[in-house]
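Printed here is input-v3.txt (compact mmCIF, C-alpha atoms):
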```
# COMPACT_ATOMS: atom_id res chain seq x y z
CA MET P 1 -46.24 -13.47 32.71
CA SER P 2 -48.94 -14.10 30.13
CA GLY P 3 -48.44 -16.12 26.95
CA SER P 4 -48.38 -13.04 24.74
CA GLN P 5 -45.78 -11.40 27.00
CA LYS P 6 -43.60 -14.54 26.81
CA ARG P 7 -43.86 -14.61 22.99
CA PHE P 8 -43.01 -10.89 22.86
CA SER P 9 -39.96 -11.43 25.12
CA LEU P 10 -38.81 -14.38 23.01
CA THR P 11 -39.26 -12.33 19.83
CA ILE P 12 -37.19 -9.46 21.29
CA LEU P 13 -34.53 -11.95 22.47
CA ALA P 14 -34.39 -13.65 19.06
CA SER P 15 -34.20 -10.29 17.26
CA SER P 16 -31.43 -9.08 19.58
CA THR P 17 -29.49 -12.31 19.12
CA LEU P 18 -29.85 -12.13 15.35
CA LEU P 19 -28.75 -8.50 15.33
CA ALA P 20 -25.72 -9.31 17.48
CA MET P 21 -24.80 -12.17 15.14
CA LEU P 22 -25.14 -9.94 12.07
CA VAL P 23 -22.98 -7.24 13.65
CA GLY P 24 -20.39 -9.88 14.55
CA VAL P 25 -20.36 -11.21 10.99
CA ALA P 26 -20.06 -7.67 9.58
CA ILE P 27 -17.12 -6.91 11.89
CA GLY P 28 -15.48 -10.19 10.92
CA LEU P 29 -15.88 -9.47 7.20
CA PHE P 30 -14.53 -5.94 7.62
CA ALA P 31 -11.52 -7.18 9.58
CA THR P 32 -10.80 -9.86 6.98
CA ALA P 33 -11.06 -7.38 4.10
CA TYR P 34 -8.79 -4.92 5.94
CA TRP P 35 -6.25 -7.67 6.63
CA LEU P 36 -6.27 -8.78 2.98
CA VAL P 37 -5.75 -5.23 1.68
CA SER P 38 -3.08 -4.55 4.28
CA SER P 39 -1.22 -7.79 3.56
CA GLN P 40 -1.40 -7.19 -0.21
CA GLU P 41 -0.10 -3.65 0.20
CA LEU P 42 2.69 -4.82 2.50
CA ALA P 43 3.68 -7.46 -0.04
CA SER P 44 3.68 -4.82 -2.81
CA GLN P 45 5.81 -2.51 -0.67
CA GLN P 46 8.31 -5.30 0.00
CA ARG P 47 8.52 -6.23 -3.69
CA GLY P 48 9.04 -2.54 -4.50
CA LYS P 49 11.80 -2.25 -1.92
CA ASP P 50 13.48 -5.39 -3.26
CA LEU P 51 13.30 -3.95 -6.77
CA ALA P 52 14.70 -0.61 -5.58
CA ILE P 53 17.63 -2.45 -3.98
CA LEU P 54 18.21 -4.44 -7.15
CA VAL P 55 17.85 -1.61 -9.67
CA CYS P 56 18.09 1.80 -8.00
CA ASP P 57 20.28 1.91 -4.91
CA ARG P 58 23.56 2.05 -6.81
CA CYS P 59 22.73 5.70 -7.51
CA HIS P 60 19.73 6.70 -5.35
CA ALA P 61 19.22 6.74 -1.59
CA ILE P 62 16.14 4.54 -1.37
CA SER P 63 15.26 4.93 2.31
CA THR P 64 14.15 7.72 4.61
CA THR P 65 17.73 8.65 5.51
CA GLY P 66 21.15 8.90 3.93
CA ASN P 67 22.68 10.44 0.85
CA SER P 68 22.51 9.03 -2.66
CA PRO P 69 25.72 7.28 -3.77
CA ASN P 70 25.54 9.44 -6.91
CA PRO P 71 25.18 13.09 -5.82
CA LYS P 72 23.22 13.85 -9.04
CA ALA P 73 20.62 11.16 -8.25
CA PRO P 74 17.95 12.51 -5.90
CA PRO P 75 17.03 10.42 -2.87
CA PHE P 76 13.64 8.75 -3.30
CA ARG P 77 12.33 10.56 -0.22
CA GLN P 78 12.90 13.91 -1.99
CA LEU P 79 11.06 12.74 -5.10
CA VAL P 80 8.01 11.73 -3.13
CA GLU P 81 7.97 15.05 -1.26
CA LYS P 82 7.96 17.05 -4.51
CA LEU P 83 5.57 15.03 -6.66
CA SER P 84 2.08 13.59 -6.37
CA ALA P 85 1.71 9.83 -6.79
CA GLU P 86 0.52 10.44 -10.36
CA GLY P 87 3.41 12.78 -11.13
CA LEU P 88 5.86 10.37 -9.57
CA GLY P 89 4.45 7.54 -11.66
CA GLU P 90 4.88 9.58 -14.83
CA GLN P 91 8.44 10.58 -13.89
CA LEU P 92 9.27 6.98 -13.04
CA ASP P 93 7.91 5.78 -16.37
CA VAL P 94 9.92 8.36 -18.33
CA ALA P 95 13.12 7.87 -16.35
CA LEU P 96 13.02 4.10 -16.58
CA SER P 97 11.97 3.81 -20.20
CA MET P 98 14.36 6.42 -21.61
CA GLY P 99 17.23 6.12 -19.19
CA HIS P 100 19.82 8.82 -18.77
CA ALA P 101 23.56 8.69 -18.22
CA PRO P 102 24.66 6.82 -16.24
CA MET P 103 21.24 5.21 -15.72
CA PRO P 104 20.42 2.59 -18.33
CA PRO P 105 16.84 2.16 -19.54
CA TRP P 106 14.90 -0.44 -17.57
CA LYS P 107 11.82 -2.33 -18.65
CA LEU P 108 9.49 -2.99 -15.75
CA SER P 109 6.24 -4.88 -15.95
CA PRO P 110 3.15 -2.91 -14.88
CA GLY P 111 3.15 -4.89 -11.63
CA GLN P 112 6.78 -4.08 -10.93
CA ALA P 113 6.18 -0.40 -11.65
CA THR P 114 3.21 -0.43 -9.25
CA ASP P 115 5.28 -2.16 -6.57
CA LEU P 116 8.14 0.32 -6.94
CA LEU P 117 5.74 3.26 -6.83
CA THR P 118 4.02 1.76 -3.77
CA TYR P 119 7.38 1.51 -2.01
CA ILE P 120 8.47 5.03 -2.95
CA THR P 121 5.20 6.57 -1.80
CA LEU P 122 5.59 4.72 1.49
CA LEU P 123 8.64 6.91 2.17
CA LYS P 124 6.37 9.95 2.34
CA GLN P 125 4.33 8.35 5.14
CA LYS P 126 7.33 7.67 7.38
```
Could the structure of this file be written out as C-alpha cells, please?
Amino acid sequence: MSGSQKRFSLTILASSTLLAMLVGVAIGLFATAYWLVSSQELASQQRGKDLAILVCDRCHAISTTGNSPNPKAPPFRQLVEKLSAEGLGEQLDVALSMGHAPMPPWKLSPGQATDLLTYITLLKQK
C-alpha cells in the first residue's frame, strides 16, 4: 500500500469513527431528553392523581373503571371521552372556581390544574 493510500484509509477510518461517535452522542442526548420528559410527565400524572384522590373522589370516579360515588358526578373517564384537552381544561376551571352543590369551589394553582388535567387526560389513553 502506498503512502497516499494509507493516508486515505486513515482519513476514512477517522471520519467513520467520528461519525459513529457523533451518532452515539446524538442517541444519548435523545434518550436523555426522552427520559426527562417522560419522568416529568409521570410525576405530573402522579401529582394529578393524588390531587384527584384528595379533592375529587368523594363524588367522581377518578379511574378507568367504577361508578362515581355521587350518581350526578360524571366519572373522569367520561369527561375525557367527550371533551378535548382544551375543553376539559376550561370545564375544569369553571367547575373548580365556581363550584356547584354539593361541590365547593376549589382554588388550584396553575401547576395543580395542569397536573390534574394531565392525570385526567391519561385516562383517555388507557
Using only C-alpha atoms, which of P:Thr17, P:Phe76, P:Glu90, P:Ser44 sits nearest Cys59 in chain P?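 The closest residue to Cys59 in chain P is P:Phe76.
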Enter the distance from CA of Ile27 in chain P to CA of Thr118 in chain P, in Å, rounded to one decimal.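 So the answer is 27.7 Å.
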For CA of Ala52 in chain P and CA of Tyr119 in chain P, determine how far apart the two atoms are, in Å to one decimal place.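 According to the coordinates, CA of Ala52 in chain P and CA of Tyr119 in chain P are separated by 8.4 Å.
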With distances taken over only C-alpha atoms, which of P:Arg77, P:Arg47, P:Lys72, P:Arg58 is nearest to Leu122 in chain P?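 Residue with the minimum atom-to-atom distance to Leu122 in chain P: P:Arg77.
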Have a look at CA of Pro69 in chain P and CA of Asp57 in chain P and let me know their distance in Å, one decimal.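 These two atoms are separated by 7.7 Å.
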Can range 62-91 of chain P be brought up to N, CA and C atoms and written out as a PDB file, in the frame of the given file?
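As a result, part-v6.pdb now contains:
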```pdb
ATOM      1  N   ILE P  62      17.485   5.074  -1.206  1.00  0.00           N
ATOM      2  CA  ILE P  62      16.140   4.540  -1.370  1.00  0.00           C
ATOM      3  C   ILE P  62      15.377   4.435  -0.046  1.00  0.00           C
ATOM      4  N   SER P  63      15.935   4.991   1.016  1.00  0.00           N
ATOM      5  CA  SER P  63      15.260   4.930   2.310  1.00  0.00           C
ATOM      6  C   SER P  63      14.953   6.339   2.816  1.00  0.00           C
ATOM      7  N   THR P  64      14.531   6.417   4.039  1.00  0.00           N
ATOM      8  CA  THR P  64      14.150   7.720   4.610  1.00  0.00           C
ATOM      9  C   THR P  64      15.348   8.529   5.094  1.00  0.00           C
ATOM     10  N   THR P  65      16.524   7.943   5.068  1.00  0.00           N
ATOM     11  CA  THR P  65      17.730   8.650   5.510  1.00  0.00           C
ATOM     12  C   THR P  65      18.871   8.384   4.543  1.00  0.00           C
ATOM     13  N   GLY P  66      19.928   9.137   4.693  1.00  0.00           N
ATOM     14  CA  GLY P  66      21.150   8.900   3.930  1.00  0.00           C
ATOM     15  C   GLY P  66      21.205   9.668   2.631  1.00  0.00           C
ATOM     16  N   ASN P  67      22.424   9.753   2.113  1.00  0.00           N
ATOM     17  CA  ASN P  67      22.680  10.440   0.850  1.00  0.00           C
ATOM     18  C   ASN P  67      22.728   9.422  -0.281  1.00  0.00           C
ATOM     19  N   SER P  68      22.409   9.888  -1.474  1.00  0.00           N
ATOM     20  CA  SER P  68      22.510   9.030  -2.660  1.00  0.00           C
ATOM     21  C   SER P  68      23.978   8.780  -2.965  1.00  0.00           C
ATOM     22  N   PRO P  69      24.337   7.550  -3.364  1.00  0.00           N
ATOM     23  CA  PRO P  69      25.720   7.280  -3.770  1.00  0.00           C
ATOM     24  C   PRO P  69      26.173   8.176  -4.924  1.00  0.00           C
ATOM     25  N   ASN P  70      25.248   8.497  -5.826  1.00  0.00           N
ATOM     26  CA  ASN P  70      25.540   9.440  -6.910  1.00  0.00           C
ATOM     27  C   ASN P  70      24.907  10.772  -6.513  1.00  0.00           C
ATOM     28  N   PRO P  71      25.724  11.804  -6.267  1.00  0.00           N
ATOM     29  CA  PRO P  71      25.180  13.090  -5.820  1.00  0.00           C
ATOM     30  C   PRO P  71      24.161  13.709  -6.779  1.00  0.00           C
ATOM     31  N   LYS P  72      24.176  13.324  -8.068  1.00  0.00           N
ATOM     32  CA  LYS P  72      23.220  13.850  -9.040  1.00  0.00           C
ATOM     33  C   LYS P  72      21.881  13.103  -8.996  1.00  0.00           C
ATOM     34  N   ALA P  73      21.848  11.972  -8.323  1.00  0.00           N
ATOM     35  CA  ALA P  73      20.620  11.160  -8.250  1.00  0.00           C
ATOM     36  C   ALA P  73      19.868  11.527  -6.973  1.00  0.00           C
ATOM     37  N   PRO P  74      18.684  12.091  -7.107  1.00  0.00           N
ATOM     38  CA  PRO P  74      17.950  12.510  -5.900  1.00  0.00           C
ATOM     39  C   PRO P  74      17.520  11.310  -5.055  1.00  0.00           C
ATOM     40  N   PRO P  75      17.578  11.467  -3.734  1.00  0.00           N
ATOM     41  CA  PRO P  75      17.030  10.420  -2.870  1.00  0.00           C
ATOM     42  C   PRO P  75      15.531  10.242  -3.151  1.00  0.00           C
ATOM     43  N   PHE P  76      15.060   9.016  -3.058  1.00  0.00           N
ATOM     44  CA  PHE P  76      13.640   8.750  -3.300  1.00  0.00           C
ATOM     45  C   PHE P  76      12.745   9.583  -2.395  1.00  0.00           C
ATOM     46  N   ARG P  77      13.180   9.809  -1.161  1.00  0.00           N
ATOM     47  CA  ARG P  77      12.330  10.560  -0.220  1.00  0.00           C
ATOM     48  C   ARG P  77      12.111  12.000  -0.692  1.00  0.00           C
ATOM     49  N   GLN P  78      13.074  12.559  -1.434  1.00  0.00           N
ATOM     50  CA  GLN P  78      12.900  13.910  -1.990  1.00  0.00           C
ATOM     51  C   GLN P  78      11.929  13.894  -3.158  1.00  0.00           C
ATOM     52  N   LEU P  79      11.980  12.843  -3.963  1.00  0.00           N
ATOM     53  CA  LEU P  79      11.060  12.740  -5.100  1.00  0.00           C
ATOM     54  C   LEU P  79       9.622  12.691  -4.624  1.00  0.00           C
ATOM     55  N   VAL P  80       9.378  11.909  -3.602  1.00  0.00           N
ATOM     56  CA  VAL P  80       8.010  11.730  -3.130  1.00  0.00           C
ATOM     57  C   VAL P  80       7.491  12.987  -2.432  1.00  0.00           C
ATOM     58  N   GLU P  81       8.390  13.801  -1.896  1.00  0.00           N
ATOM     59  CA  GLU P  81       7.970  15.050  -1.260  1.00  0.00           C
ATOM     60  C   GLU P  81       7.560  16.091  -2.306  1.00  0.00           C
ATOM     61  N   LYS P  82       8.180  16.032  -3.487  1.00  0.00           N
ATOM     62  CA  LYS P  82       7.960  17.050  -4.510  1.00  0.00           C
ATOM     63  C   LYS P  82       6.811  16.715  -5.462  1.00  0.00           C
ATOM     64  N   LEU P  83       6.513  15.437  -5.629  1.00  0.00           N
ATOM     65  CA  LEU P  83       5.570  15.030  -6.660  1.00  0.00           C
ATOM     66  C   LEU P  83       4.372  14.290  -6.069  1.00  0.00           C
ATOM     67  N   SER P  84       3.242  14.403  -6.737  1.00  0.00           N
ATOM     68  CA  SER P  84       2.080  13.590  -6.370  1.00  0.00           C
ATOM     69  C   SER P  84       2.364  12.159  -6.819  1.00  0.00           C
ATOM     70  N   ALA P  85       1.543  11.228  -6.372  1.00  0.00           N
ATOM     71  CA  ALA P  85       1.710   9.830  -6.790  1.00  0.00           C
ATOM     72  C   ALA P  85       1.601   9.717  -8.312  1.00  0.00           C
ATOM     73  N   GLU P  86       0.677  10.470  -8.910  1.00  0.00           N
ATOM     74  CA  GLU P  86       0.520  10.440 -10.360  1.00  0.00           C
ATOM     75  C   GLU P  86       1.753  11.026 -11.049  1.00  0.00           C
ATOM     76  N   GLY P  87       2.216  12.169 -10.561  1.00  0.00           N
ATOM     77  CA  GLY P  87       3.410  12.780 -11.130  1.00  0.00           C
ATOM     78  C   GLY P  87       4.635  11.913 -10.962  1.00  0.00           C
ATOM     79  N   LEU P  88       4.737  11.265  -9.825  1.00  0.00           N
ATOM     80  CA  LEU P  88       5.860  10.370  -9.570  1.00  0.00           C
ATOM     81  C   LEU P  88       5.803   9.178 -10.511  1.00  0.00           C
ATOM     82  N   GLY P  89       4.601   8.653 -10.730  1.00  0.00           N
ATOM     83  CA  GLY P  89       4.450   7.540 -11.660  1.00  0.00           C
ATOM     84  C   GLY P  89       4.867   7.915 -13.070  1.00  0.00           C
ATOM     85  N   GLU P  90       4.493   9.116 -13.500  1.00  0.00           N
ATOM     86  CA  GLU P  90       4.880   9.580 -14.830  1.00  0.00           C
ATOM     87  C   GLU P  90       6.390   9.765 -14.929  1.00  0.00           C
ATOM     88  N   GLN P  91       6.986  10.381 -13.907  1.00  0.00           N
ATOM     89  CA  GLN P  91       8.440  10.580 -13.890  1.00  0.00           C
ATOM     90  C   GLN P  91       9.172   9.240 -13.904  1.00  0.00           C
TER      91      GLN P  91
END
```
